[in-house]
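Undergrad: Following this line is entry_24.csv, made up of CSV, C-alpha atoms:
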```
chain,number,residue,atom,x,y,z
T,1,MET,CA,-33.8,34.9,-9.0
T,2,ASN,CA,-32.6,37.6,-6.5
T,3,ASP,CA,-29.0,38.2,-5.4
T,4,ALA,CA,-29.3,36.3,-2.1
T,5,GLU,CA,-30.5,33.1,-3.8
T,6,VAL,CA,-27.8,33.3,-6.4
T,7,LEU,CA,-25.1,33.7,-3.7
T,8,ARG,CA,-26.6,30.9,-1.7
T,9,ARG,CA,-26.4,28.4,-4.6
T,10,ARG,CA,-22.9,29.4,-5.4
T,11,TYR,CA,-21.8,28.9,-1.8
T,12,GLN,CA,-23.5,25.5,-1.8
T,13,ARG,CA,-21.5,24.5,-4.9
T,14,LEU,CA,-18.4,25.8,-3.2
T,15,LEU,CA,-19.0,23.6,-0.2
T,16,TRP,CA,-18.6,20.5,-2.4
T,17,ALA,CA,-14.9,20.9,-1.5
T,18,TYR,CA,-15.8,19.1,1.7
T,19,PRO,CA,-16.6,15.4,1.7
T,20,ASN,CA,-20.3,14.5,1.7
T,21,TRP,CA,-20.4,13.2,5.3
T,22,TYR,CA,-19.0,16.5,6.5
T,23,ARG,CA,-21.6,18.5,4.5
T,24,GLN,CA,-24.3,16.3,6.0
T,25,GLU,CA,-23.1,17.0,9.5
T,26,ARG,CA,-22.1,20.7,9.3
T,27,GLY,CA,-23.2,21.9,5.8
T,28,LEU,CA,-26.1,24.0,7.0
T,29,GLU,CA,-24.0,25.6,9.7
T,30,MET,CA,-21.2,26.5,7.3
T,31,LEU,CA,-23.6,27.8,4.7
T,32,SER,CA,-25.3,30.1,7.2
T,33,THR,CA,-21.9,31.4,8.4
T,34,LEU,CA,-20.8,32.3,4.9
T,35,LEU,CA,-24.1,34.0,4.0
T,36,GLU,CA,-24.0,36.0,7.2
T,37,GLY,CA,-20.6,37.3,6.3
T,38,SER,CA,-21.6,38.4,2.8
T,39,LYS,CA,-22.3,42.0,1.8
T,40,PRO,CA,-25.6,43.3,0.5
T,41,GLY,CA,-26.0,42.7,-3.2
T,42,GLN,CA,-23.1,40.3,-3.3
T,43,ARG,CA,-23.7,37.6,-6.0
T,44,ARG,CA,-20.4,35.7,-6.0
T,45,PRO,CA,-18.2,34.3,-3.1
T,46,SER,CA,-15.2,36.4,-2.4
T,47,ASN,CA,-11.7,35.2,-3.4
T,48,ALA,CA,-10.8,34.9,0.3
T,49,ASP,CA,-13.9,32.7,0.9
T,50,ILE,CA,-13.1,30.5,-2.1
T,51,LEU,CA,-9.5,29.9,-1.0
T,52,ASP,CA,-10.5,29.3,2.6
T,53,VAL,CA,-13.3,26.9,1.8
T,54,ILE,CA,-11.3,24.9,-0.8
T,55,GLY,CA,-8.3,24.7,1.5
T,56,ARG,CA,-10.3,23.6,4.5
T,57,GLY,CA,-12.3,21.2,2.4
T,58,LEU,CA,-9.2,19.5,1.0
T,59,ARG,CA,-7.7,19.2,4.5
T,60,CYS,CA,-10.9,17.7,5.7
T,61,ARG,CA,-10.9,15.2,2.8
T,62,PHE,CA,-7.3,14.1,3.2
T,63,ARG,CA,-6.6,14.5,6.9
T,64,ILE,CA,-5.6,11.3,8.7
T,65,PRO,CA,-8.2,10.7,11.5
T,66,ARG,CA,-6.9,11.1,15.0
T,67,GLY,CA,-5.3,8.2,16.7
T,68,HIS,CA,-1.9,6.4,16.5
T,69,GLN,CA,-3.5,3.3,15.0
T,70,HIS,CA,-4.8,5.4,12.1
T,71,ALA,CA,-1.4,6.9,11.4
T,72,PHE,CA,0.2,3.5,11.6
T,73,ILE,CA,-2.3,2.0,9.1
T,74,THR,CA,-1.8,5.0,6.7
T,75,VAL,CA,2.0,4.6,6.8
T,76,ILE,CA,1.7,0.9,6.0
T,77,ALA,CA,-0.6,1.5,3.1
T,78,MET,CA,1.5,4.4,1.8
T,79,LEU,CA,4.7,2.4,1.8
T,80,PHE,CA,3.0,-0.6,0.1
T,81,CYS,CA,1.4,1.6,-2.6
T,82,ALA,CA,4.7,3.4,-3.1
T,83,PHE,CA,6.6,0.2,-3.6
T,84,THR,CA,4.1,-1.4,-5.8
T,85,GLY,CA,3.5,1.7,-7.8
T,86,SER,CA,7.3,2.1,-8.4
T,87,ALA,CA,7.6,-1.5,-9.3
T,88,ALA,CA,4.6,-1.5,-11.6
T,89,VAL,CA,5.8,1.5,-13.6
T,90,ALA,CA,9.4,0.2,-13.8
T,91,MET,CA,8.4,-3.2,-14.9
T,92,THR,CA,6.0,-1.8,-17.5
T,93,PHE,CA,8.9,0.3,-18.9
T,94,ALA,CA,11.3,-2.6,-18.7
T,95,SER,CA,8.8,-4.9,-20.6
T,96,GLN,CA,9.1,-2.7,-23.7
T,97,PRO,CA,11.4,-4.2,-26.3
T,98,SER,CA,14.9,-3.4,-25.0
T,99,VAL,CA,17.1,-6.1,-26.3
T,100,PRO,CA,19.2,-5.3,-29.4
T,101,SER,CA,18.7,-7.5,-32.4
T,102,GLU,CA,21.3,-10.1,-33.0
T,103,ASP,CA,22.1,-8.4,-36.3
T,104,GLU,CA,22.9,-5.2,-34.5
T,105,ALA,CA,25.2,-7.1,-32.1
T,106,VAL,CA,26.9,-9.0,-34.9
T,107,ALA,CA,27.6,-5.8,-36.8
T,108,VAL,CA,29.3,-4.1,-33.9
T,109,ALA,CA,31.2,-7.3,-32.9
T,110,GLN,CA,32.6,-7.6,-36.4
T,111,LEU,CA,33.5,-3.9,-36.4
T,112,ALA,CA,35.3,-4.3,-33.1
T,113,THR,CA,37.2,-7.5,-33.9
T,114,GLY,CA,37.5,-7.4,-37.6
T,115,GLU,CA,36.4,-11.1,-37.6
T,116,PRO,CA,33.2,-12.7,-39.1
T,117,VAL,CA,30.6,-14.2,-36.7
T,118,ARG,CA,28.8,-17.5,-37.1
T,119,ASN,CA,25.2,-16.8,-36.1
T,120,LEU,CA,22.8,-19.7,-36.1
T,121,SER,CA,19.1,-19.4,-35.4
T,122,GLY,CA,18.2,-20.5,-31.9
T,123,PRO,CA,15.9,-19.9,-28.9
T,124,VAL,CA,16.2,-17.1,-26.4
T,125,ILE,CA,17.7,-18.4,-23.2
T,126,ALA,CA,15.9,-17.4,-20.0
T,127,CYS,CA,18.3,-16.6,-17.2
T,128,THR,CA,17.7,-17.2,-13.5
T,129,TYR,CA,20.5,-15.6,-11.5
T,130,PHE,CA,23.1,-16.4,-14.2
T,131,CYS,CA,23.0,-17.0,-17.9
T,132,PRO,CA,24.2,-20.5,-18.7
T,133,GLU,CA,25.3,-21.5,-22.2
T,134,GLN,CA,27.3,-24.4,-23.4
T,135,TRP,CA,29.4,-22.7,-26.0
T,136,GLN,CA,31.0,-25.0,-28.6
T,137,ARG,CA,33.9,-24.3,-30.9
T,138,GLY,CA,32.6,-24.1,-34.4
T,139,GLY,CA,29.0,-23.6,-33.2
T,140,ASP,CA,26.7,-20.7,-32.6
T,141,GLN,CA,28.6,-17.5,-31.6
T,142,VAL,CA,25.5,-15.4,-30.9
T,143,VAL,CA,22.9,-15.9,-28.1
T,144,THR,CA,20.1,-13.7,-26.8
T,145,PHE,CA,19.5,-13.9,-23.0
T,146,ASP,CA,16.3,-13.0,-21.2
T,147,ASP,CA,17.4,-11.6,-17.8
T,148,PRO,CA,15.2,-11.4,-14.7
T,149,PHE,CA,14.3,-7.9,-13.5
T,150,GLU,CA,16.1,-8.2,-10.2
T,151,GLU,CA,19.4,-9.2,-11.9
T,152,ASN,CA,19.7,-6.7,-14.6
T,153,ASN,CA,16.8,-4.2,-14.1
T,154,GLY,CA,14.8,-5.9,-16.8
T,155,VAL,CA,17.3,-5.3,-19.6
T,156,ASP,CA,18.0,-8.3,-21.8
T,157,HIS,CA,21.2,-8.7,-23.7
T,158,VAL,CA,22.9,-10.4,-26.7
T,159,THR,CA,26.3,-12.0,-26.3
T,160,VAL,CA,28.8,-12.6,-29.1
T,161,VAL,CA,31.8,-14.8,-28.5
T,162,TYR,CA,35.1,-15.5,-30.2
T,163,TRP,CA,37.5,-18.4,-29.6
T,164,THR,CA,40.5,-16.0,-29.8
T,165,PRO,CA,43.8,-17.6,-28.6
T,166,THR,CA,44.7,-16.1,-25.2
T,167,SER,CA,48.1,-15.0,-26.5
T,168,GLN,CA,46.3,-12.7,-28.9
T,169,LEU,CA,43.8,-11.2,-26.4
T,170,PRO,CA,45.8,-8.1,-25.5
T,171,SER,CA,46.2,-7.0,-29.1
T,172,ALA,CA,42.6,-7.9,-29.9
T,173,VAL,CA,41.3,-5.8,-27.0
T,174,GLY,CA,43.5,-2.9,-28.0
T,175,ASP,CA,42.4,-3.1,-31.7
T,176,ALA,CA,38.8,-3.2,-30.6
T,177,ARG,CA,39.1,0.0,-28.6
T,178,THR,CA,40.8,1.7,-31.6
T,179,ARG,CA,38.2,0.6,-34.1
T,180,LEU,CA,35.2,1.5,-31.9
T,181,THR,CA,36.7,4.9,-31.1
T,182,ALA,CA,37.2,5.7,-34.7
T,183,ASN,CA,33.6,4.8,-35.4
T,184,GLY,CA,32.3,7.2,-32.8
T,185,TRP,CA,31.8,5.0,-29.8
T,186,GLN,CA,32.4,6.3,-26.3
T,187,ILE,CA,34.9,4.0,-24.7
T,188,GLY,CA,35.3,3.4,-21.0
T,189,ASP,CA,38.5,2.8,-19.1
T,190,LEU,CA,40.3,-0.5,-19.7
T,191,THR,CA,40.5,-2.7,-16.6
T,192,ILE,CA,43.1,-5.3,-16.2
T,193,GLN,CA,42.6,-7.8,-13.4
T,194,ASP,CA,45.2,-9.7,-11.4
T,195,ASP,CA,44.8,-12.8,-13.6
T,196,GLY,CA,45.2,-10.8,-16.8
T,197,THR,CA,41.5,-10.6,-17.7
T,198,ARG,CA,40.7,-7.4,-19.5
T,199,ASN,CA,37.4,-5.6,-19.9
T,200,PHE,CA,35.9,-2.3,-20.8
T,201,ASP,CA,32.5,-0.9,-21.8
T,202,ALA,CA,31.4,1.3,-24.7
T,203,ASN,CA,28.2,2.9,-25.8
T,204,LYS,CA,26.8,4.7,-28.8
T,205,ASP,CA,23.2,5.9,-29.7
T,206,GLY,CA,21.6,4.0,-26.8
T,207,LEU,CA,23.4,0.7,-27.4
T,208,SER,CA,25.8,-0.4,-24.7
T,209,MET,CA,28.6,-3.0,-25.1
T,210,TYR,CA,30.7,-4.8,-22.5
T,211,LEU,CA,33.8,-6.6,-23.8
T,212,VAL,CA,35.7,-9.0,-21.6
T,213,ALA,CA,38.8,-11.0,-22.5
T,214,PHE,CA,39.4,-13.9,-20.1
T,215,ASN,CA,43.1,-14.8,-19.7
T,216,GLU,CA,42.1,-18.1,-18.1
T,217,PRO,CA,38.7,-18.9,-19.7
T,218,ALA,CA,38.4,-22.5,-18.2
T,219,GLY,CA,36.6,-23.8,-21.3
T,220,ALA,CA,34.5,-20.7,-22.0
T,221,PRO,CA,35.1,-18.5,-25.1
T,222,PRO,CA,38.0,-16.2,-24.2
T,223,LEU,CA,36.6,-13.1,-25.9
T,224,GLN,CA,33.0,-12.2,-25.1
T,225,LEU,CA,31.0,-9.1,-26.1
T,226,SER,CA,27.6,-8.4,-24.5
T,227,PHE,CA,25.2,-5.9,-25.9
T,228,GLU,CA,22.1,-4.2,-24.4
T,229,LYS,CA,20.0,-1.2,-25.0
T,230,GLU,CA,19.8,1.5,-22.4
T,231,LEU,CA,16.5,2.5,-20.8
T,232,PRO,CA,17.3,6.1,-19.8
T,233,ASP,CA,13.7,6.9,-18.7
T,234,LEU,CA,13.4,3.8,-16.4
T,235,PRO,CA,14.8,5.4,-13.1
T,236,ALA,CA,12.7,8.6,-13.6
T,237,ALA,CA,9.6,6.4,-14.2
T,238,ALA,CA,10.3,4.4,-11.1
T,239,ILE,CA,10.6,7.6,-9.0
T,240,GLY,CA,7.4,8.9,-10.5
T,241,GLY,CA,5.6,5.6,-9.7
T,242,LEU,CA,6.9,5.9,-6.1
T,243,ALA,CA,5.5,9.4,-5.7
T,244,ALA,CA,2.2,8.5,-7.3
T,245,GLY,CA,1.9,5.4,-5.1
T,246,LEU,CA,2.6,7.5,-1.9
T,247,LEU,CA,-0.1,9.9,-2.8
T,248,THR,CA,-2.6,7.3,-3.8
T,249,GLY,CA,-2.0,5.3,-0.7
T,250,TRP,CA,-2.5,8.3,1.5
T,251,MET,CA,-5.7,9.5,-0.2
T,252,LEU,CA,-7.3,6.0,-0.4
T,253,THR,CA,-6.5,5.1,3.2
T,254,VAL,CA,-7.8,8.4,4.6
T,255,TRP,CA,-11.0,8.0,2.6
T,256,ILE,CA,-11.5,4.5,3.9
T,257,LEU,CA,-10.7,5.4,7.5
T,258,GLN,CA,-13.0,8.4,7.4
T,259,ARG,CA,-15.9,6.4,6.1
T,260,TYR,CA,-15.2,3.4,8.3
T,261,ARG,CA,-15.6,5.5,11.5
T,262,ARG,CA,-19.1,6.6,10.4
T,263,HIS,CA,-20.6,3.3,9.4
T,264,ASP,CA,-22.8,1.2,11.6
T,265,PHE,CA,-21.5,-1.7,13.6
T,266,ARG,CA,-22.3,-4.4,11.1
T,267,VAL,CA,-20.5,-2.7,8.2
T,268,LYS,CA,-17.6,-1.9,10.5
T,269,ARG,CA,-17.2,-5.5,11.5
T,270,ALA,CA,-17.3,-6.9,8.0
T,271,ALA,CA,-14.9,-4.3,6.7
T,272,PHE,CA,-12.5,-5.0,9.7
T,273,LEU,CA,-12.5,-8.7,8.9
T,274,CYS,CA,-11.7,-8.0,5.3
T,275,ALA,CA,-9.1,-5.4,6.0
T,276,VAL,CA,-7.0,-7.2,8.7
T,277,PRO,CA,-5.5,-9.8,6.3
T,278,VAL,CA,-4.8,-7.1,3.7
T,279,LEU,CA,-3.0,-5.0,6.3
T,280,MET,CA,-1.0,-8.0,7.5
T,281,VAL,CA,0.2,-8.8,4.0
T,282,MET,CA,1.0,-5.1,3.4
T,283,LEU,CA,3.0,-4.9,6.5
T,284,LEU,CA,4.9,-8.1,5.8
T,285,THR,CA,5.6,-7.0,2.3
T,286,ASP,CA,6.9,-3.6,3.5
T,287,LEU,CA,9.2,-5.2,6.0
T,288,LEU,CA,10.6,-7.7,3.5
T,289,LEU,CA,11.2,-5.0,0.8
T,290,LEU,CA,12.8,-2.7,3.3
T,291,GLN,CA,15.1,-5.6,4.5
T,292,PHE,CA,15.9,-6.4,0.9
T,293,MET,CA,16.7,-2.8,0.0
T,294,VAL,CA,18.9,-2.3,3.0
T,295,ALA,CA,20.8,-5.5,2.3
T,296,VAL,CA,21.3,-4.4,-1.4
T,297,LEU,CA,22.4,-0.9,-0.4
T,298,VAL,CA,24.9,-2.3,2.1
T,299,SER,CA,26.4,-4.7,-0.4
T,300,ALA,CA,26.4,-2.2,-3.3
T,301,GLY,CA,27.9,0.6,-1.3
T,302,SER,CA,28.6,4.0,-2.7
T,303,SER,CA,29.9,2.6,-6.0
T,304,ALA,CA,26.4,1.9,-7.4
T,305,PRO,CA,25.0,4.5,-9.7
T,306,ALA,CA,22.2,6.7,-8.3
T,307,ALA,CA,19.7,5.3,-10.9
T,308,PHE,CA,20.2,1.8,-9.4
T,309,PHE,CA,18.7,2.8,-6.1
T,310,SER,CA,15.4,4.0,-7.7
T,311,LEU,CA,14.9,0.5,-9.0
T,312,LEU,CA,15.2,-1.3,-5.7
T,313,PRO,CA,11.4,-1.6,-5.0
T,314,ALA,CA,10.9,-3.2,-8.4
T,315,MET,CA,13.9,-5.6,-7.9
T,316,GLY,CA,12.6,-6.6,-4.5
T,317,LEU,CA,9.0,-7.2,-5.7
T,318,SER,CA,10.4,-9.2,-8.6
T,319,VAL,CA,12.1,-11.5,-6.1
T,320,LEU,CA,8.9,-11.8,-4.0
T,321,ARG,CA,6.8,-12.5,-7.0
T,322,SER,CA,8.9,-15.5,-7.8
T,323,MET,CA,8.3,-17.2,-4.4
T,324,PRO,CA,6.0,-20.3,-4.4
T,325,GLY,CA,2.3,-19.6,-3.7
T,326,MET,CA,2.6,-15.8,-4.3
T,327,TRP,CA,0.0,-15.9,-7.1
T,328,THR,CA,-2.6,-17.5,-4.8
T,329,VAL,CA,-1.9,-15.2,-2.0
T,330,THR,CA,-2.1,-12.2,-4.3
T,331,MET,CA,-5.5,-13.3,-5.6
T,332,LEU,CA,-6.9,-13.9,-2.1
T,333,ILE,CA,-5.7,-10.6,-0.7
T,334,SER,CA,-6.9,-8.7,-3.8
T,335,ALA,CA,-10.4,-10.1,-3.3
T,336,ALA,CA,-10.3,-9.1,0.4
T,337,ALA,CA,-9.1,-5.6,-0.5
T,338,VAL,CA,-11.9,-5.2,-3.1
T,339,ALA,CA,-14.4,-6.4,-0.5
T,340,ALA,CA,-13.1,-3.9,2.1
T,341,LEU,CA,-13.3,-1.0,-0.5
T,342,THR,CA,-16.8,-2.0,-1.4
T,343,LEU,CA,-17.9,-2.0,2.2
T,344,ALA,CA,-16.3,1.4,2.8
T,345,ALA,CA,-18.1,2.8,-0.2
T,346,LEU,CA,-21.6,1.8,1.1
T,347,PRO,CA,-23.8,4.7,1.9
T,348,ILE,CA,-23.4,6.1,5.4
T,349,ARG,CA,-26.7,6.1,7.3
T,350,MET,CA,-27.2,9.4,9.1
T,351,ARG,CA,-29.8,12.0,9.5
T,352,VAL,CA,-29.6,14.8,7.0
T,353,PRO,CA,-30.5,18.3,8.4
T,354,GLU,CA,-33.1,20.1,6.4
T,355,GLY,CA,-31.6,22.5,3.9
T,356,THR,CA,-28.2,20.9,3.8
T,357,PRO,CA,-26.6,20.6,0.4
T,358,THR,CA,-26.1,16.9,-0.5
T,359,PRO,CA,-24.6,16.5,-3.9
T,360,ALA,CA,-22.5,13.4,-4.2
T,361,SER,CA,-18.9,13.8,-3.1
```
Let me see the structure of the file written as structure tokens.

TA:
Amino acid sequence: MNDAEVLRRRYQRLLWAYPNWYRQERGLEMLSTLLEGSKPGQRRPSNADILDVIGRGLRCRFRIPRGHQHAFITVIAMLFCAFTGSAAVAMTFASQPSVPSEDEAVAVAQLATGEPVRNLSGPVIACTYFCPEQWQRGGDQVVTFDDPFEENNGVDHVTVVYWTPTSQLPSAVGDARTRLTANGWQIGDLTIQDDGTRNFDANKDGLSMYLVAFNEPAGAPPLQLSFEKELPDLPAAAIGGLAAGLLTGWMLTVWILQRYRRHDFRVKRAAFLCAVPVLMVMLLTDLLLLQFMVAVLVSAGSSAPAAFFSLLPAMGLSVLRSMPGMWTVTMLISAAAVAALTLAALPIRMRVPEGTPTPAS
């Protein structure tokens, strides 16, 4: 095989950086231009040609087609994929076992109060937007709660209660802070509210505790200690899912739009009918999530931790998921999306010029 043929084949492989439809339309022209610019005896593409072809090929693959409607569709899909990607990753992380065992909670509660705990076996209580429990004197003092994602970022907790007389609460709280500090716990500031209620938080080795002493408990146990395990990687995972979703939405939408423009009328019509309801649901979801996030940001203000903001898409989708009929809508839209993708992936009918490289893209 002579030098010219070797160079020709290598340039053909290099042109795979372009999508198949572009190679079919202009592959022979580009190959001829590259060969004409080569030097006698050259067997490999120059570094400049490699960078130029790969760069232009990637731009061709992932460039949004001209037209405001194409840009609008791409933005809708990118936002939707970003929100769902962030939510999916965050909920996956949050689904990992994160609740401390009741034995762990009891051990720390006894350390903090110096008092024994009555722990009876019982079911995990699923919360909605609050965690109800009819505490009884002399009954179970330890309960595990299953929190919804939108309420507590998917972190469940265990609560230990004491029926401490209200007159003894100030000293009980002070003693708890002293004992926990001596045992290596990091103690937060003590907050005393107008009605005399006292609370503080503490953490050690990934276990967080929130202690509250109600000065006017209104029938509830005056002293309550809630325990939960921290999920330090959750915000970073949510941000990573957001970025991956943006990139996936962009690449997938551009691929569909580029192929859609080159299909015949029958395929275009079928793909359009499948894509319209999908885009409408995406747009509605984007608007609802943006409205939810703005409302939460306004209510939370600057006092909320930065990690809280990264979980807003997951919190919003968790709320939407609980709405009636969402499962049916999700299944129908998923079927329409699969149909649209299948139609876009159908072979594009076009004349292939002789000599054009046609490996699959």

Undergrad: Suppose you want the space between atom CA of T:Ala238 and atom CA of T:Ile256; what is it in Å?

TA: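 Between these atoms lies a distance of 26.5 Å.
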
Undergrad: Could you work out how far atom CA of T:Ala213 lies from atom CA of T:Val173, giving the answer in Å with one decimal?

TA: 7.3 Å

Undergrad: Which residues, written as a compact mmCIF listing (two decimals) with C-alpha atoms, keeping the file's coordinate frame, have at least one atom at most 8 Å from T:Val160, with all atoms listed in the file counted and residues fewer than 2 positions away on the same chain left out?

TA:
```txt
# COMPACT_ATOMS: atom_id res chain seq x y z
CA ALA T 105 25.20 -7.10 -32.10
CA VAL T 106 26.90 -9.00 -34.90
CA ALA T 109 31.20 -7.30 -32.90
CA VAL T 117 30.60 -14.20 -36.70
CA GLN T 141 28.60 -17.50 -31.60
CA VAL T 142 25.50 -15.40 -30.90
CA VAL T 143 22.90 -15.90 -28.10
CA VAL T 158 22.90 -10.40 -26.70
CA TYR T 162 35.10 -15.50 -30.20
CA GLN T 224 33.00 -12.20 -25.10
CA LEU T 225 31.00 -9.10 -26.10
CA SER T 226 27.60 -8.40 -24.50
```

Undergrad: Within 9 Å of (-14.8, -4.7, 3.3), in the coordinates the file gives, what residues turn up when you count all atoms listed in the file, written out as a PyMOL selection string?

TA: chain T and resi 267-275+336-345

Undergrad: What's around stretch 74-91 of chain T at 7 Å? Count all atoms listed in the file, leave out sequence neighbours fewer than 2 positions away in its own chain, and write the answer as a list in words.

TA: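 Listed by chain and then number, they are His70, Ala71, Phe72, Phe93, Ala94, Ser95, Leu234, Ala237, Ala238, Ile239, Gly241, Leu242, Ala243, Ala244, Gly245, Leu246, Gly249, Trp250, Thr253, Met282, Leu283, Asp286, Pro313, Ala314 and Leu317 of chain T.
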
Undergrad: Would you mind exporting C-alpha atoms of the selected residues as a PDB file, in the frame of the given file?

TA:
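Output file again.pdb follows:
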```pdb
ATOM      1  CA  HIS T  70      -4.800   5.400  12.100  1.00  0.00           C
ATOM      2  CA  ALA T  71      -1.400   6.900  11.400  1.00  0.00           C
ATOM      3  CA  PHE T  72       0.200   3.500  11.600  1.00  0.00           C
ATOM      4  CA  PHE T  93       8.900   0.300 -18.900  1.00  0.00           C
ATOM      5  CA  ALA T  94      11.300  -2.600 -18.700  1.00  0.00           C
ATOM      6  CA  SER T  95       8.800  -4.900 -20.600  1.00  0.00           C
ATOM      7  CA  LEU T 234      13.400   3.800 -16.400  1.00  0.00           C
ATOM      8  CA  ALA T 237       9.600   6.400 -14.200  1.00  0.00           C
ATOM      9  CA  ALA T 238      10.300   4.400 -11.100  1.00  0.00           C
ATOM     10  CA  ILE T 239      10.600   7.600  -9.000  1.00  0.00           C
ATOM     11  CA  GLY T 241       5.600   5.600  -9.700  1.00  0.00           C
ATOM     12  CA  LEU T 242       6.900   5.900  -6.100  1.00  0.00           C
ATOM     13  CA  ALA T 243       5.500   9.400  -5.700  1.00  0.00           C
ATOM     14  CA  ALA T 244       2.200   8.500  -7.300  1.00  0.00           C
ATOM     15  CA  GLY T 245       1.900   5.400  -5.100  1.00  0.00           C
ATOM     16  CA  LEU T 246       2.600   7.500  -1.900  1.00  0.00           C
ATOM     17  CA  GLY T 249      -2.000   5.300  -0.700  1.00  0.00           C
ATOM     18  CA  TRP T 250      -2.500   8.300   1.500  1.00  0.00           C
ATOM     19  CA  THR T 253      -6.500   5.100   3.200  1.00  0.00           C
ATOM     20  CA  MET T 282       1.000  -5.100   3.400  1.00  0.00           C
ATOM     21  CA  LEU T 283       3.000  -4.900   6.500  1.00  0.00           C
ATOM     22  CA  ASP T 286       6.900  -3.600   3.500  1.00  0.00           C
ATOM     23  CA  PRO T 313      11.400  -1.600  -5.000  1.00  0.00           C
ATOM     24  CA  ALA T 314      10.900  -3.200  -8.400  1.00  0.00           C
ATOM     25  CA  LEU T 317       9.000  -7.200  -5.700  1.00  0.00           C
TER      26      LEU T 317
END
```

Undergrad: For a quick check of understanding, using only C-alpha atoms, which of T:Lys229, T:Arg262, T:Arg66, T:Arg321 has the smallest distance to T:Glu104?

TA: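 Ranked by minimum distance to T:Glu104, first place goes to T:Lys229.
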
Undergrad: May I ask for the distance between atom CA of T:Arg198 and atom CA of T:Gly139, given in Å to one decimal place?

TA: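 Atom CA of T:Gly139 lies at a distance of 24.2 Å from atom CA of T:Arg198.
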
Undergrad: Taking 2 positions as the minimum chain separation for residues in the same chain, which residues sit within 8 Å of stretch 329-333 of chain T when counting only C-alpha atoms? Answer as an mmCIF file with C-alpha atoms, keeping the file's coordinate frame.

TA:
```cif
data_model
loop_
_atom_site.group_PDB
_atom_site.id
_atom_site.type_symbol
_atom_site.label_atom_id
_atom_site.label_comp_id
_atom_site.auth_asym_id
_atom_site.auth_seq_id
_atom_site.Cartn_x
_atom_site.Cartn_y
_atom_site.Cartn_z
ATOM 1 C CA PRO T 277 -5.500 -9.800 6.300
ATOM 2 C CA VAL T 278 -4.800 -7.100 3.700
ATOM 3 C CA VAL T 281 0.200 -8.800 4.000
ATOM 4 C CA GLY T 325 2.300 -19.600 -3.700
ATOM 5 C CA MET T 326 2.600 -15.800 -4.300
ATOM 6 C CA TRP T 327 0.000 -15.900 -7.100
ATOM 7 C CA ALA T 335 -10.400 -10.100 -3.300
ATOM 8 C CA ALA T 336 -10.300 -9.100 0.400
ATOM 9 C CA ALA T 337 -9.100 -5.600 -0.500
#
```
